[in-house]
Number of protein chains: 2
Amino acid sequence: MEKLWTKNLRDIEPYVPGEQSSDSDIVKLNANENPYPPSPKVLDAVKGFDVSALRLYPNANATPLKQAIADYYSVDIKNVFLGNGSDDVIAVAFQALFNSDLPIAYPDLTYSFYPVWCSLFNIPYRTYPVDSNFRINPEDYREKNGGVIIPNPNAPTSLGEGRDFVERLMEYNQDSVVIIDEAYVDFGGVSSVPLTKKYENLLVTGTFSKSRSLAGLRIGFAIGSERLISVLEAVKNSYNSYTIDSISIEAGRASILDDEYFKETCEKIIATRERVTKEMRALGFNVLDSQTNFIFATKDDISMKDMFEYLKTKKVFIRYFSVPRIENYVRITIGTDREMDILLKEIKEYVK
Amino acid sequence: MEKLWTKNLRDIEPYVPGEQSSDSDIVKLNANENPYPPSPKVLDAVKGFDVSALRLYPNANATPLKQAIADYYSVDIKNVFLGNGSDDVIAVAFQALFNSDLPIAYPDLTYSFYPVWCSLFNIPYRTYPVDSNFRINPEDYREKNGGVIIPNPNAPTSLGEGRDFVERLMEYNQDSVVIIDEAYVDFGGVSSVPLTKKYENLLVTGTFSKSRSLAGLRIGFAIGSERLISVLEAVKNSYNSYTIDSISIEAGRASILDDEYFKETCEKIIATRERVTKEMRALGFNVLDSQTNFIFATKDDISMKDMFEYLKTKKVFIRYFSVPRIENYVRITIGTDREMDILLKEIKEYVK
């Protein structure tokens, strides 16, 4: 018989993280990681870090990193919030800003963590299906809600929306907080950060994990009005005062300061993406117009699930979702040109 | 007039972190930081870290660090949970294990974050005052509750309890989860980790911030039954899959592997603490018998608040709490012998 104390345990479905492999000879195109190393300035920051200072708590406000982000986006440091990766940032935002009895609203094809956070924090939600072209219809978000969250560009579709789309969202949602999740924006999307000066109820989130090649360091951020940021800070400081460690503060700052390297690697990834998109289309694939560091693709006459399994046997890992409407699609992260050549070679082999 | 969207914001009292100073010539004895640098093996781990690997997500289970902790405490890896500092670990534990309508129980003089987490997660609580000698009475915890959390040694009192105390707690609390918060245990306390094999409802938490000189890296852990750890993992994975960054995993592991350095620095701090305790008692102070890296002290005929303020003008920072019953006490972190000599000199100056 179950002991009485077990009834006090939170009954929660464990989230199953994506597949990992430590095999060094695989071509890993399944986690939207950046194929290029972080900036050489990050290397200098880590190698030059005064390890003896680790005996002290980090700067509680992570000021050096926050200030660098503020300067980069031309906002005040009071408009910047930091977290342990953008998952932490968005989780805090759900707790802090979606405190309503009305359901929050988000698209039906989107980041799989949104319903997980709703369940964790007991937040009601309603999803609005994307259309047959996988596009989000802003008219859906006229309905009264407890908040809105939309990734732009969206995942796993790779499709981005422009400024007009966000302006319409803000027009329709003056009574709730709108979060635009910009994890992938640096690969050709349109950022809504400038709109945070116009709309006090708009929060934009970002991450150093993709475009800045720092997934291993866990740095996420949000930009918004002082009012929104102060509530995020109050919740975060009620949870854990020191979320960003001392090395991450310095390494993240070094990344922001090397804008040339950042732009160069983003452009390389975009160029590779455009080439691979063209080559896959030539092979008969339908590839969506990506504004991210991955592509979302299908081919009518073959099973994407089988292709995904086949590629795995060839040590090329891509991502397949067993989800209605996209069960014949795959998501492929953009790697180096060499990695993508291996992918294309194996795909050609498979489809012929 | 307040806009409508502001009513969805969580209304929470911001937690105010302790005073920080970047002034390098202060004697900083106010945050219970370790005066010695981390192990030279940690230095090697950071300097030798392959920075290009930061482009990848960390090991999702932080296996190398978890396994090192498991080996160190002679438990299985499934008995170990990791978090971004022990505040993160305890916050997850409150969410995951105190899921009851009954109030949780903890001592009245204790870590100031407990009521903050109760408020954040809407957990009812009841506190039991420590006695006139600042000791915790285990009989208080016979009352039905939704969980128990007790720091051992306790803060800011510095007093530790033995194995019998915890055994009695477990006898009285068979229907709820008991957490023993061992942030300070390595400075002479008695660890309850071995009891986690006997009691499936006992969780012990620890941190690398004090005894391992790694406050800057944010590593906390918990040890308990597979049942408890699996619920912590489910909640943590519903919040943020990757809380421990790649550098912290390697640096934390290096710290665990250098047991000689660890023991040596803990012993140095204990020796300094015993000397300072003796010298302060000789000056007429009442100093509690500390089992931590700080001392809790008072002197009947002088105001501790004034002494605290005076020391600040002399660039010696200690901690004062404006809290009933301890409003004439100060908490002083044990620094190096040189730092404590400066403290003692200034205190002598002040009391004479």
# chains A, B, ... in the order shown; residues from 1 in each chain; ligands from 1

$ residues_around --residues "stretch 192-199 of chain A" --least-positions-apart "4" --cutoff "7 Å" --atoms "only C-alpha atoms" --output "list in words"
Arg163, Leu203, Val204, Ile223, Gly224 and Ser225 of chain A

$ residues_around --residues "A:Ile342" --least-positions-apart "6" --cutoff "12 Å" --atoms "only C-alpha atoms" --output "count of residues only"
15

$ atom_distance --atom1 "atom CA of A:Asn173" --atom2 "atom CA of A:Asp76"
24.8 Å

$ interface_residues --of "chain B" --to "chain A" --cutoff "6 Å" --atoms "only C-alpha atoms" --output "ChimeraX atom specification"
/B:4-5,8-10,14-15,33-34,37,43,47,51-52,54-58,87-88,96-100,116,175-176,213-217,234,237-238,240,245-246

$ write_last_selection --atoms "N, CA and C atoms" --output "compact mmCIF listing (two decimals), in the first residue's frame"
# COMPACT_ATOMS: atom_id res chain seq x y z
N LEU B 4 -5.87 47.68 -17.48
CA LEU B 4 -6.48 46.39 -17.14
C LEU B 4 -5.48 45.24 -17.10
N TRP B 5 -4.50 45.26 -18.02
CA TRP B 5 -3.56 44.13 -18.07
C TRP B 5 -2.73 43.99 -16.80
N ASN B 8 -3.30 41.14 -14.17
CA ASN B 8 -2.77 39.78 -14.38
C ASN B 8 -1.34 39.61 -13.85
N LEU B 9 -0.79 40.68 -13.31
CA LEU B 9 0.59 40.59 -12.81
C LEU B 9 0.57 40.03 -11.40
N ARG B 10 1.49 39.15 -11.13
CA ARG B 10 1.62 38.58 -9.80
C ARG B 10 2.03 39.67 -8.82
N PRO B 14 8.91 42.10 -3.38
CA PRO B 14 10.25 41.74 -3.84
C PRO B 14 11.16 41.40 -2.66
N TYR B 15 11.89 40.29 -2.78
CA TYR B 15 12.86 39.91 -1.77
C TYR B 15 14.08 40.82 -1.93
N GLU B 33 30.50 33.42 2.82
CA GLU B 33 31.33 32.91 1.74
C GLU B 33 32.62 32.33 2.33
N ASN B 34 33.22 31.42 1.58
CA ASN B 34 34.45 30.77 2.02
C ASN B 34 35.63 31.70 1.72
N PRO B 37 40.11 30.01 -1.91
CA PRO B 37 39.67 29.76 -3.29
C PRO B 37 39.24 28.30 -3.44
N LEU B 43 40.36 24.98 -10.76
CA LEU B 43 41.08 25.89 -11.66
C LEU B 43 41.45 25.15 -12.95
N LYS B 47 40.18 26.15 -16.69
CA LYS B 47 41.18 26.55 -17.70
C LYS B 47 41.24 25.52 -18.83
N VAL B 51 36.02 25.29 -24.68
CA VAL B 51 35.01 26.34 -24.82
C VAL B 51 34.16 26.15 -26.08
N SER B 52 34.72 25.53 -27.12
CA SER B 52 33.94 25.34 -28.35
C SER B 52 32.72 24.45 -28.09
N LEU B 54 30.70 24.70 -25.78
CA LEU B 54 29.58 25.47 -25.22
C LEU B 54 28.47 25.67 -26.24
N ARG B 55 28.76 25.44 -27.53
CA ARG B 55 27.71 25.55 -28.55
C ARG B 55 26.63 24.48 -28.35
N LEU B 56 26.97 23.40 -27.64
CA LEU B 56 26.04 22.30 -27.39
C LEU B 56 25.33 22.46 -26.05
N TYR B 57 24.10 21.94 -25.96
CA TYR B 57 23.42 21.92 -24.66
C TYR B 57 24.22 21.08 -23.68
N PRO B 58 24.11 21.39 -22.39
CA PRO B 58 24.82 20.57 -21.39
C PRO B 58 24.22 19.16 -21.37
N ASP B 87 19.18 27.09 -3.21
CA ASP B 87 17.88 27.79 -3.24
C ASP B 87 16.98 27.20 -4.32
N ASP B 88 17.55 26.94 -5.48
CA ASP B 88 16.78 26.33 -6.56
C ASP B 88 16.31 24.94 -6.14
N ALA B 96 7.38 20.47 -5.20
CA ALA B 96 7.19 19.07 -5.55
C ALA B 96 6.71 18.21 -4.39
N LEU B 97 7.14 18.56 -3.17
CA LEU B 97 6.95 17.63 -2.05
C LEU B 97 6.02 18.15 -0.94
N PHE B 98 5.68 19.44 -1.00
CA PHE B 98 4.82 20.03 0.04
C PHE B 98 3.45 20.37 -0.56
N ASN B 99 2.88 19.38 -1.22
CA ASN B 99 1.65 19.58 -1.97
C ASN B 99 0.46 19.13 -1.12
N SER B 100 0.21 19.87 -0.03
CA SER B 100 -0.79 19.46 0.95
C SER B 100 -1.59 20.68 1.38
N VAL B 116 9.23 32.96 2.05
CA VAL B 116 9.16 33.52 0.70
C VAL B 116 8.67 32.45 -0.28
N ASP B 175 3.97 10.64 7.92
CA ASP B 175 2.95 10.92 6.91
C ASP B 175 3.26 12.15 6.07
N SER B 176 4.46 12.70 6.23
CA SER B 176 4.81 13.85 5.39
C SER B 176 6.31 13.79 5.10
N SER B 213 33.63 26.46 -1.71
CA SER B 213 34.10 27.74 -2.27
C SER B 213 33.60 27.99 -3.69
N LEU B 214 32.37 27.53 -3.99
CA LEU B 214 31.88 27.70 -5.36
C LEU B 214 30.55 28.47 -5.43
N ALA B 215 30.37 29.45 -4.55
CA ALA B 215 29.15 30.26 -4.58
C ALA B 215 28.91 30.86 -5.95
N GLY B 216 30.01 31.21 -6.64
CA GLY B 216 29.91 31.84 -7.95
C GLY B 216 29.41 30.93 -9.05
N LEU B 217 29.41 29.62 -8.80
CA LEU B 217 29.01 28.68 -9.86
C LEU B 217 27.60 28.14 -9.75
N ALA B 234 10.81 15.36 -12.13
CA ALA B 234 9.64 15.63 -12.97
C ALA B 234 9.27 17.11 -12.90
N ASN B 237 12.10 19.14 -14.64
CA ASN B 237 12.06 18.99 -16.10
C ASN B 237 10.82 19.63 -16.72
N SER B 238 9.83 19.96 -15.89
CA SER B 238 8.67 20.70 -16.39
C SER B 238 8.93 22.19 -16.35
N ASN B 240 12.55 23.63 -16.47
CA ASN B 240 13.75 23.98 -17.23
C ASN B 240 14.62 22.72 -17.26
N ASP B 245 25.05 24.34 -15.99
CA ASP B 245 25.75 24.55 -17.25
C ASP B 245 26.98 23.65 -17.36
N SER B 246 27.51 23.58 -18.58
CA SER B 246 28.57 22.61 -18.88
C SER B 246 29.85 22.85 -18.08

$ select_by_dssp --residues "stretch 112-296 of chain B" --states "alpha helix (DSSP H)" --output "number ranges by chain"
B: 113-120, 163-172, 226-239, 246-257, 259-282

$ residues_around --residues "stretch 64-75 of chain A" --least-positions-apart "3" --cutoff "7 Å" --atoms "only C-alpha atoms" --output "list in words"
Asn79, Val80, Ile249, Glu250, Gly252, Arg253 and Ile256 of chain A

$ write_last_selection --atoms "C-alpha atoms" --output "PDB file, in the first residue's frame"
ATOM      1  CA  ASN A  79      14.212  46.930 -19.210  1.00  0.00           C
ATOM      2  CA  VAL A  80      16.310  43.746 -19.123  1.00  0.00           C
ATOM      3  CA  ILE A 249      28.097  36.738 -16.755  1.00  0.00           C
ATOM      4  CA  GLU A 250      31.571  37.379 -18.188  1.00  0.00           C
ATOM      5  CA  GLY A 252      27.860  36.247 -22.115  1.00  0.00           C
ATOM      6  CA  ARG A 253      29.104  39.806 -21.991  1.00  0.00           C
ATOM      7  CA  ILE A 256      27.604  40.543 -26.929  1.00  0.00           C
TER       8      ILE A 256
END

$ atom_distance --atom1 "atom CA of B:Thr313" --atom2 "atom CA of B:Glu339"
15.7 Å
